[in-house]
>>> print(open('start36.txt').read())   # compact mmCIF, C-alpha atoms and all ligand atoms
# COMPACT_ATOMS: atom_id res chain seq x y z
CA MET A 54 0.00 0.00 0.00
CA ARG A 55 1.35 3.39 -1.00
CA LEU A 56 0.99 6.42 1.24
CA PHE A 57 -0.28 9.81 0.16
CA LEU A 58 -0.52 12.87 2.39
CA ASP A 59 -3.98 14.39 2.80
CA THR A 60 -3.08 18.06 3.15
CA ALA A 61 -2.37 21.28 1.31
CA ASN A 62 0.31 22.36 3.78
CA ILE A 63 3.64 22.88 2.00
CA GLY A 64 5.76 22.32 5.12
CA HIS A 65 4.06 19.03 5.89
CA ILE A 66 4.31 17.89 2.27
CA ARG A 67 8.03 18.76 2.11
CA HIS A 68 8.64 16.79 5.30
CA GLY A 69 6.70 13.76 4.05
CA VAL A 70 8.59 13.77 0.76
CA GLU A 71 11.95 14.20 2.56
CA LEU A 72 11.15 11.09 4.57
CA GLY A 73 10.96 9.27 1.25
CA ILE A 74 7.65 7.60 1.99
CA ILE A 75 5.08 9.88 0.40
CA SER A 76 4.28 9.20 -3.22
CA GLY A 77 1.28 11.47 -3.68
CA VAL A 78 -0.95 14.13 -2.16
CA THR A 79 -4.68 14.65 -1.95
CA THR A 80 -6.20 18.04 -1.29
CA ASN A 81 -9.77 19.28 -1.12
CA PRO A 82 -11.34 22.74 -0.80
CA SER A 83 -11.52 22.43 3.01
CA LEU A 84 -7.83 21.50 3.27
CA VAL A 85 -6.81 24.34 0.94
CA SER A 86 -8.90 26.80 2.97
CA LYS A 87 -7.00 25.78 6.10
CA GLU A 88 -3.91 27.38 4.51
CA GLY A 89 -5.59 30.81 4.44
CA LYS A 90 -6.58 32.86 1.39
CA VAL A 91 -3.94 31.50 -0.98
CA ASN A 92 -3.59 31.64 -4.75
CA TYR A 93 -5.04 28.21 -5.52
CA GLN A 94 -3.27 27.64 -8.81
CA LYS A 95 0.09 28.76 -7.40
CA LEU A 96 -0.29 26.52 -4.35
CA VAL A 97 -1.26 23.46 -6.38
CA LYS A 98 1.62 24.02 -8.81
CA GLU A 99 4.04 24.25 -5.90
CA ILE A 100 2.69 21.01 -4.39
CA CYS A 101 3.04 19.32 -7.79
CA SER A 102 6.67 20.42 -8.04
CA ILE A 103 7.49 18.89 -4.64
CA VAL A 104 5.62 15.59 -4.87
CA PRO A 105 6.98 12.69 -6.92
CA GLY A 106 3.54 11.37 -7.83
CA PRO A 107 -0.14 12.16 -8.29
CA VAL A 108 -1.57 15.31 -6.71
CA SER A 109 -5.35 15.34 -6.48
CA THR A 110 -7.14 18.64 -6.49
CA GLU A 111 -10.87 19.18 -6.57
CA VAL A 112 -13.30 20.99 -8.86
CA LEU A 113 -15.92 23.27 -7.34
CA SER A 114 -18.55 23.23 -10.10
CA GLN A 115 -21.75 21.34 -9.43
CA ASP A 116 -22.69 20.48 -13.00
CA ALA A 117 -20.84 18.25 -15.46
CA HIS A 118 -20.26 21.08 -17.92
CA GLY A 119 -18.55 23.22 -15.28
CA MET A 120 -16.60 20.29 -13.82
CA ILE A 121 -15.24 19.42 -17.26
CA ALA A 122 -14.24 23.03 -17.98
CA GLU A 123 -12.49 23.34 -14.58
CA ALA A 124 -10.79 19.97 -14.92
CA ARG A 125 -9.44 20.77 -18.38
CA GLU A 126 -7.81 23.93 -17.01
CA ILE A 127 -6.52 22.28 -13.81
CA ALA A 128 -5.03 19.42 -15.83
CA LYS A 129 -2.75 21.93 -17.60
CA TRP A 130 -1.16 23.07 -14.32
CA ALA A 131 1.24 20.11 -14.03
CA GLY A 132 1.96 16.66 -15.41
CA ASN A 133 1.11 14.91 -12.14
CA ILE A 134 -2.31 16.49 -11.60
CA VAL A 135 -5.31 14.31 -10.86
CA VAL A 136 -8.70 16.00 -10.85
CA LYS A 137 -11.09 15.15 -8.04
CA ILE A 138 -14.66 14.77 -9.23
CA PRO A 139 -17.52 14.05 -6.79
CA ALA A 140 -19.28 10.68 -6.91
CA ASN A 141 -22.66 11.95 -8.09
CA LEU A 142 -24.50 11.78 -11.42
CA GLU A 143 -22.96 14.98 -12.79
CA GLY A 144 -19.60 13.66 -11.63
CA VAL A 145 -20.08 10.38 -13.52
CA LYS A 146 -20.88 12.31 -16.68
CA ALA A 147 -17.83 14.55 -16.25
CA THR A 148 -15.57 11.59 -15.41
CA SER A 149 -16.60 9.74 -18.60
CA VAL A 150 -15.72 12.75 -20.74
CA LEU A 151 -12.46 13.58 -18.94
CA CYS A 152 -11.16 10.00 -18.98
CA LYS A 153 -11.64 9.84 -22.75
CA GLU A 154 -9.38 12.91 -22.91
CA ASN A 155 -6.78 11.10 -20.76
CA ILE A 156 -7.31 13.44 -17.83
CA LYS A 157 -6.81 11.44 -14.65
CA VAL A 158 -9.80 11.48 -12.30
CA ASN A 159 -10.00 10.74 -8.60
CA PHE A 160 -13.66 9.80 -7.99
CA THR A 161 -14.07 11.36 -4.58
CA LEU A 162 -16.64 11.56 -1.79
CA CYS A 163 -17.40 7.90 -2.48
CA PHE A 164 -19.44 6.20 0.24
CA SER A 165 -20.74 3.01 -1.39
CA LEU A 166 -19.79 0.17 -3.69
CA ASN A 167 -22.47 1.29 -6.14
CA GLN A 168 -20.85 4.70 -6.48
CA ALA A 169 -17.50 3.00 -7.00
CA LEU A 170 -19.00 0.75 -9.71
CA LEU A 171 -20.07 3.80 -11.67
CA GLY A 172 -16.78 5.63 -11.12
CA ALA A 173 -14.83 2.64 -12.39
CA ALA A 174 -17.21 2.24 -15.35
CA ALA A 175 -16.65 5.89 -16.23
CA GLY A 176 -12.89 5.29 -16.25
CA ALA A 177 -11.70 6.93 -13.01
CA ALA A 178 -8.03 6.23 -12.26
CA PHE A 179 -8.64 6.48 -8.50
CA ILE A 180 -11.66 5.84 -6.31
CA SER A 181 -11.72 7.38 -2.85
CA PRO A 182 -13.99 5.80 -0.25
CA PHE A 183 -14.23 8.11 2.78
CA VAL A 184 -13.77 5.77 5.73
CA GLY A 185 -13.90 8.19 8.68
CA ARG A 186 -17.01 10.00 7.52
CA LEU A 187 -18.88 6.68 7.24
CA ASP A 188 -17.68 5.65 10.70
CA ASP A 189 -18.93 9.03 11.97
CA ILE A 190 -22.52 8.14 11.01
CA GLY A 191 -22.32 4.68 12.57
CA GLU A 192 -21.47 2.73 9.42
CA ASP A 193 -18.46 0.52 8.76
CA GLY A 194 -16.29 2.68 6.51
CA MET A 195 -13.60 0.07 6.03
CA LYS A 196 -16.15 -2.49 4.79
CA VAL A 197 -16.71 -0.24 1.77
CA VAL A 198 -12.95 -0.24 1.09
CA VAL A 199 -12.88 -4.05 1.32
CA ASP A 200 -15.84 -4.35 -1.08
CA ILE A 201 -14.39 -1.95 -3.65
CA VAL A 202 -10.96 -3.60 -3.59
CA GLN A 203 -12.59 -7.01 -4.09
CA PHE A 204 -14.76 -5.76 -6.93
CA LEU A 205 -11.87 -4.13 -8.83
CA ASP A 206 -9.75 -7.21 -8.33
CA TYR A 207 -12.49 -9.63 -9.42
CA TYR A 208 -13.07 -7.78 -12.69
CA GLN A 209 -9.39 -6.91 -13.14
CA LEU A 210 -10.18 -3.19 -13.43
CA PRO A 211 -7.31 -0.71 -13.44
CA ALA A 212 -8.76 1.84 -10.97
CA GLN A 213 -6.87 2.17 -7.69
CA VAL A 214 -8.53 2.53 -4.30
CA ILE A 215 -7.44 5.42 -2.13
CA ALA A 216 -8.62 4.81 1.43
CA ALA A 217 -9.52 8.37 2.42
CA SER A 218 -10.88 10.21 5.44
CA ILE A 219 -8.34 8.37 7.56
CA ARG A 220 -8.64 9.49 11.17
CA HIS A 221 -6.17 7.33 13.11
CA THR A 222 -3.44 4.74 12.81
CA GLN A 223 -5.83 1.79 13.11
CA HIS A 224 -7.43 2.96 9.88
CA CYS A 225 -4.00 2.66 8.19
CA ILE A 226 -3.59 -0.91 9.39
CA MET A 227 -7.11 -1.82 8.33
CA ALA A 228 -6.67 -0.20 4.91
CA ALA A 229 -3.48 -2.18 4.33
CA LYS A 230 -5.19 -5.42 5.37
CA ALA A 231 -8.12 -4.59 3.10
CA GLY A 232 -5.73 -4.38 0.15
CA ALA A 233 -6.26 -0.67 -0.56
CA HIS A 234 -3.71 0.44 -3.15
CA ILE A 235 -3.19 3.72 -1.33
CA ALA A 236 -4.07 5.33 1.99
CA THR A 237 -4.14 9.10 2.07
CA VAL A 238 -3.27 10.13 5.61
CA PRO A 239 -3.28 13.39 7.54
CA TYR A 240 0.23 14.54 8.55
CA LYS A 241 -0.53 13.94 12.24
CA VAL A 242 -1.46 10.32 11.57
CA LEU A 243 1.65 9.83 9.43
CA LEU A 244 3.82 10.90 12.37
CA GLN A 245 1.87 8.66 14.75
CA MET A 246 2.40 5.61 12.51
CA ILE A 247 6.11 5.39 13.36
CA GLN A 248 5.74 5.91 17.08
CA HIS A 249 6.30 3.04 19.51
CA PRO A 250 7.48 3.46 23.11
CA LEU A 251 9.46 0.18 22.97
CA THR A 252 11.52 1.57 20.07
CA ASP A 253 12.41 4.68 22.09
CA ILE A 254 13.21 2.62 25.20
CA GLY A 255 15.28 0.21 23.09
CA VAL A 256 17.35 2.97 21.47
CA LYS A 257 18.02 4.58 24.86
CA ARG A 258 19.05 1.25 26.41
CA PHE A 259 21.45 0.40 23.54
CA ILE A 260 23.23 3.74 24.03
CA GLN A 261 23.43 3.32 27.82
CA ASP A 262 24.84 -0.23 27.50
CA TRP A 263 27.39 0.92 24.93
CA GLU A 264 28.55 3.90 26.97
CA LYS A 265 28.93 1.81 30.13
CA VAL A 266 31.65 -0.22 28.42
CA MET A 267 32.92 1.88 25.51
CA GLY A 268 32.81 5.30 27.14
CA ASP A 269 32.66 8.01 24.48
CA GLN A 270 34.09 5.83 21.67
CA LYS A 271 32.10 6.42 18.47
CA VAL A 272 31.20 3.87 15.79
CA ILE A 273 32.88 5.85 13.00
CA GLY A 274 35.20 8.17 14.89
CA SER A 275 34.49 11.83 15.40
CA MET A 276 33.37 14.43 12.91
CA LYS A 277 35.02 17.81 12.46
CA ASN A 278 33.71 20.31 9.92
CA ASN A 279 31.55 17.51 8.51
CA ARG A 280 34.64 15.33 7.87
CA LEU A 281 35.56 12.08 9.56
CA VAL A 282 38.76 12.69 11.54
CA GLY A 283 39.56 9.34 13.13
CA SER A 284 38.21 6.09 14.47
C1 LIG B 301 -9.50 12.66 0.56
O1 LIG B 301 -9.14 12.78 -0.59
C2 LIG B 301 -10.07 13.74 1.37
O2 LIG B 301 -9.34 14.91 1.15
C3 LIG B 301 -10.04 13.47 2.84
O3 LIG B 301 -9.51 12.22 3.13
C4 LIG B 301 -11.24 13.85 3.62
O4 LIG B 301 -11.06 13.53 4.96
P1 LIG B 301 -11.99 14.09 6.14
O5 LIG B 301 -13.22 13.27 6.19
O6 LIG B 301 -11.15 13.91 7.38
O7 LIG B 301 -12.27 15.53 5.82
>>> encode(input="start36.txt", output="structure tokens")
Amino acid sequence: MRLFLDTANIGHIRHGVELGIISGVTTNPSLVSKEGKVNYQKLVKEICSIVPGPVSTEVLSQDAHGMIAEAREIAKWAGNIVVKIPANLEGVKATSVLCKENIKVNFTLCFSLNQALLGAAAGAAFISPFVGRLDDIGEDGMKVVVDIVQFLDYYQLPAQVIAASIRHTQHCIMAAKAGAHIATVPYKVLLQMIQHPLTDIGVKRFIQDWEKVMGDQKVIGSMKNNRLVGS
């Protein structure tokens, strides 16, 4: 399972990419708004220049005609742009047209297998079931991910599932077990994924044990002006 960051924050995206584990980004109008009143096009272009993979950004139009017009413009902003289109009837219509023009679509705000069926039929490259929002209303969000993964696999369809609306680290584990191709995670969750108290205790204990016997001897000698000066 690949990891995308679900954010429009440049600092967080840079950090994720530096870590070498983020291969894409998803944004939405709410996430962009969190960054203040920015120049949308400029921000998205900057994100696209940092990220070594697909960057999803959403249209605001409600009708297929408007979605298509917006998507065509957005698609020109960078080579790694993916346009997010909502999983409704107008979105299906827009997705069908855009996919024929080789514009990559992320079929977003997907809450059911039926919506995913239509997104895949329309040619969407990515389908994004929103796990957390389904959990919020008392449904089993991850079950929808499992069903969509199974359906795409059974019919050997090329669309990839992005487990979205990830709220905590258990969602990441469940998405991986469900066979989601991608999980798009908030920065906070990404940082939590690596945390384990036994790792911190273990590192500390290794250093203490070493120092008890070896004193201040280093593994590779000491560094001066960024150069190794002895061992
Ligand atoms: C995904 O593409 C969406 O941007 C995102 O996961 C929505 O998550 P939320 O339900 O936490 O807003």
>>> closest_residue(input="start36.txt", among="A:Lys137, A:Lys241, A:Lys87, A:His118", to="Ala177 in chain A", atoms="all atoms listed in the file")
A:Lys137
>>> closest_atom_pairs(input="start36.txt", of="chain A", to="ligand LIG 301 (chain B)", cutoff="9 Å", atoms="all atoms listed in the file", output="Markdown table")
| residue | atom | partner | partner_atom | distance |
| --- | --- | --- | --- | --- |
| A:Asp59 | CA | B:LIG301 | O2 | 5.6 |
| A:Thr60 | CA | B:LIG301 | O2 | 7.3 |
| A:Val78 | CA | B:LIG301 | O1 | 8.4 |
| A:Thr79 | CA | B:LIG301 | O1 | 5.0 |
| A:Thr80 | CA | B:LIG301 | O2 | 5.1 |
| A:Asn81 | CA | B:LIG301 | O2 | 4.9 |
| A:Pro82 | CA | B:LIG301 | O2 | 8.3 |
| A:Ser83 | CA | B:LIG301 | O7 | 7.5 |
| A:Leu84 | CA | B:LIG301 | O2 | 7.1 |
| A:Ser109 | CA | B:LIG301 | O1 | 7.5 |
| A:Thr110 | CA | B:LIG301 | O1 | 8.6 |
| A:Glu111 | CA | B:LIG301 | O1 | 8.9 |
| A:Lys137 | CA | B:LIG301 | O1 | 8.1 |
| A:Asn159 | CA | B:LIG301 | O1 | 8.3 |
| A:Thr161 | CA | B:LIG301 | O1 | 6.5 |
| A:Leu162 | CA | B:LIG301 | C1 | 7.6 |
| A:Ser181 | CA | B:LIG301 | O1 | 6.4 |
| A:Pro182 | CA | B:LIG301 | C1 | 8.2 |
| A:Phe183 | CA | B:LIG301 | O5 | 6.3 |
| A:Val184 | CA | B:LIG301 | O5 | 7.5 |
| A:Gly185 | CA | B:LIG301 | O5 | 5.7 |
| A:Arg186 | CA | B:LIG301 | O5 | 5.2 |
| A:Leu187 | CA | B:LIG301 | O5 | 8.8 |
| A:Ile215 | CA | B:LIG301 | O1 | 7.7 |
| A:Ala216 | CA | B:LIG301 | O3 | 7.7 |
| A:Ala217 | CA | B:LIG301 | O3 | 3.9 |
| A:Ser218 | CA | B:LIG301 | O3 | 3.4 |
| A:Ile219 | CA | B:LIG301 | O3 | 6.0 |
| A:Arg220 | CA | B:LIG301 | O6 | 6.3 |
| A:Ala236 | CA | B:LIG301 | O3 | 8.9 |
| A:Thr237 | CA | B:LIG301 | O3 | 6.3 |
| A:Val238 | CA | B:LIG301 | O3 | 7.0 |
| A:Pro239 | CA | B:LIG301 | O3 | 7.7 |
>>> write_last_selection(input="start36.txt", atoms="C-alpha atoms", output="mmCIF file, keeping the file's coordinate frame")
data_model
loop_
_atom_site.group_PDB
_atom_site.id
_atom_site.type_symbol
_atom_site.label_atom_id
_atom_site.label_comp_id
_atom_site.auth_asym_id
_atom_site.auth_seq_id
_atom_site.Cartn_x
_atom_site.Cartn_y
_atom_site.Cartn_z
ATOM 1 C CA ASP A 59 -3.980 14.390 2.800
ATOM 2 C CA THR A 60 -3.080 18.060 3.150
ATOM 3 C CA VAL A 78 -0.950 14.130 -2.160
ATOM 4 C CA THR A 79 -4.680 14.650 -1.950
ATOM 5 C CA THR A 80 -6.200 18.040 -1.290
ATOM 6 C CA ASN A 81 -9.770 19.280 -1.120
ATOM 7 C CA PRO A 82 -11.340 22.740 -0.800
ATOM 8 C CA SER A 83 -11.520 22.430 3.010
ATOM 9 C CA LEU A 84 -7.830 21.500 3.270
ATOM 10 C CA SER A 109 -5.350 15.340 -6.480
ATOM 11 C CA THR A 110 -7.140 18.640 -6.490
ATOM 12 C CA GLU A 111 -10.870 19.180 -6.570
ATOM 13 C CA LYS A 137 -11.090 15.150 -8.040
ATOM 14 C CA ASN A 159 -10.000 10.740 -8.600
ATOM 15 C CA THR A 161 -14.070 11.360 -4.580
ATOM 16 C CA LEU A 162 -16.640 11.560 -1.790
ATOM 17 C CA SER A 181 -11.720 7.380 -2.850
ATOM 18 C CA PRO A 182 -13.990 5.800 -0.250
ATOM 19 C CA PHE A 183 -14.230 8.110 2.780
ATOM 20 C CA VAL A 184 -13.770 5.770 5.730
ATOM 21 C CA GLY A 185 -13.900 8.190 8.680
ATOM 22 C CA ARG A 186 -17.010 10.000 7.520
ATOM 23 C CA LEU A 187 -18.880 6.680 7.240
ATOM 24 C CA ILE A 215 -7.440 5.420 -2.130
ATOM 25 C CA ALA A 216 -8.620 4.810 1.430
ATOM 26 C CA ALA A 217 -9.520 8.370 2.420
ATOM 27 C CA SER A 218 -10.880 10.210 5.440
ATOM 28 C CA ILE A 219 -8.340 8.370 7.560
ATOM 29 C CA ARG A 220 -8.640 9.490 11.170
ATOM 30 C CA ALA A 236 -4.070 5.330 1.990
ATOM 31 C CA THR A 237 -4.140 9.100 2.070
ATOM 32 C CA VAL A 238 -3.270 10.130 5.610
ATOM 33 C CA PRO A 239 -3.280 13.390 7.540
#
>>> atom_distance(input="start36.txt", atom1="CA of Ala140 in chain A", atom2="CA of Ala169 in chain A")
7.9 Å
>>> atom_distance(input="start36.txt", atom1="CA of Ile121 in chain A", atom2="CA of Ala147 in chain A")
5.6 Å
>>> closest_residue(input="start36.txt", among="A:Pro250, A:Leu170, A:Gly119, A:Leu244", to="Leu72 in chain A", atoms="only C-alpha atoms")
A:Leu244
>>> closest_residue(input="start36.txt", among="A:Cys225, A:Ala231, A:Met267, A:Leu243", to="Asp206 in chain A", atoms="all atoms listed in the file")
A:Ala231
>>> decode(input="start36.txt", residues="range 62-94 of chain A", atoms="N, CA and C atoms", output="short mmCIF file (atom, residue, chain, number, x, y, z; two decimals), in the first residue's frame")
data_model
loop_
_atom_site.label_atom_id
_atom_site.label_comp_id
_atom_site.auth_asym_id
_atom_site.auth_seq_id
_atom_site.Cartn_x
_atom_site.Cartn_y
_atom_site.Cartn_z
N ASN A 62 -0.73 21.62 3.07
CA ASN A 62 0.31 22.36 3.78
C ASN A 62 1.70 22.05 3.22
N ILE A 63 2.35 23.07 2.69
CA ILE A 63 3.64 22.88 2.00
C ILE A 63 4.70 22.30 2.94
N GLY A 64 4.76 22.81 4.17
CA GLY A 64 5.76 22.32 5.12
C GLY A 64 5.58 20.83 5.40
N HIS A 65 4.34 20.44 5.61
CA HIS A 65 4.06 19.03 5.89
C HIS A 65 4.37 18.15 4.67
N ILE A 66 4.05 18.67 3.51
CA ILE A 66 4.31 17.89 2.27
C ILE A 66 5.82 17.74 2.07
N ARG A 67 6.56 18.84 2.26
CA ARG A 67 8.03 18.76 2.11
C ARG A 67 8.60 17.72 3.07
N HIS A 68 8.13 17.74 4.31
CA HIS A 68 8.64 16.79 5.30
C HIS A 68 8.33 15.35 4.88
N GLY A 69 7.11 15.11 4.47
CA GLY A 69 6.70 13.76 4.05
C GLY A 69 7.54 13.27 2.89
N VAL A 70 7.80 14.15 1.94
CA VAL A 70 8.59 13.77 0.76
C VAL A 70 10.05 13.52 1.17
N GLU A 71 10.57 14.38 2.05
CA GLU A 71 11.95 14.20 2.56
C GLU A 71 12.13 12.83 3.22
N LEU A 72 11.09 12.40 3.91
CA LEU A 72 11.15 11.09 4.57
C LEU A 72 11.21 9.95 3.56
N GLY A 73 10.85 10.26 2.33
CA GLY A 73 10.96 9.27 1.25
C GLY A 73 9.83 8.27 1.23
N ILE A 74 8.72 8.59 1.89
CA ILE A 74 7.65 7.60 1.99
C ILE A 74 6.32 8.10 1.40
N ILE A 75 6.32 9.32 0.94
CA ILE A 75 5.08 9.88 0.40
C ILE A 75 5.15 9.92 -1.12
N SER A 76 4.21 9.24 -1.76
CA SER A 76 4.28 9.20 -3.22
C SER A 76 3.11 9.93 -3.87
N GLY A 77 2.38 10.69 -3.10
CA GLY A 77 1.28 11.47 -3.68
C GLY A 77 0.63 12.33 -2.62
N VAL A 78 -0.24 13.23 -3.09
CA VAL A 78 -0.95 14.13 -2.16
C VAL A 78 -2.40 14.25 -2.61
N THR A 79 -3.29 14.32 -1.63
CA THR A 79 -4.68 14.65 -1.95
C THR A 79 -5.04 15.95 -1.22
N THR A 80 -5.72 16.82 -1.93
CA THR A 80 -6.20 18.04 -1.29
C THR A 80 -7.71 18.09 -1.51
N ASN A 81 -8.35 19.00 -0.83
CA ASN A 81 -9.77 19.28 -1.12
C ASN A 81 -10.00 20.74 -0.73
N PRO A 82 -11.13 21.31 -1.09
CA PRO A 82 -11.34 22.74 -0.80
C PRO A 82 -11.22 23.06 0.69
N SER A 83 -11.63 22.16 1.57
CA SER A 83 -11.52 22.43 3.01
C SER A 83 -10.05 22.48 3.43
N LEU A 84 -9.26 21.54 2.92
CA LEU A 84 -7.83 21.50 3.27
C LEU A 84 -7.11 22.73 2.73
N VAL A 85 -7.45 23.15 1.52
CA VAL A 85 -6.81 24.34 0.94
C VAL A 85 -7.19 25.56 1.77
N SER A 86 -8.45 25.65 2.17
CA SER A 86 -8.90 26.80 2.97
C SER A 86 -8.17 26.90 4.30
N LYS A 87 -7.75 25.77 4.84
CA LYS A 87 -7.00 25.78 6.10
C LYS A 87 -5.70 26.55 5.97
N GLU A 88 -5.20 26.69 4.74
CA GLU A 88 -3.91 27.38 4.51
C GLU A 88 -4.10 28.88 4.37
N GLY A 89 -5.32 29.38 4.55
CA GLY A 89 -5.59 30.81 4.44
C GLY A 89 -6.00 31.14 3.01
N LYS A 90 -6.11 32.46 2.72
CA LYS A 90 -6.58 32.86 1.39
C LYS A 90 -5.41 32.85 0.40
N VAL A 91 -5.11 31.68 -0.11
CA VAL A 91 -3.94 31.50 -0.98
C VAL A 91 -4.35 31.63 -2.44
N ASN A 92 -3.35 31.75 -3.31
CA ASN A 92 -3.59 31.64 -4.75
C ASN A 92 -3.63 30.15 -5.07
N TYR A 93 -4.82 29.66 -5.39
CA TYR A 93 -5.04 28.21 -5.52
C TYR A 93 -4.12 27.58 -6.56
N GLN A 94 -4.09 28.21 -7.72
CA GLN A 94 -3.27 27.64 -8.81
C GLN A 94 -1.79 27.59 -8.42
#
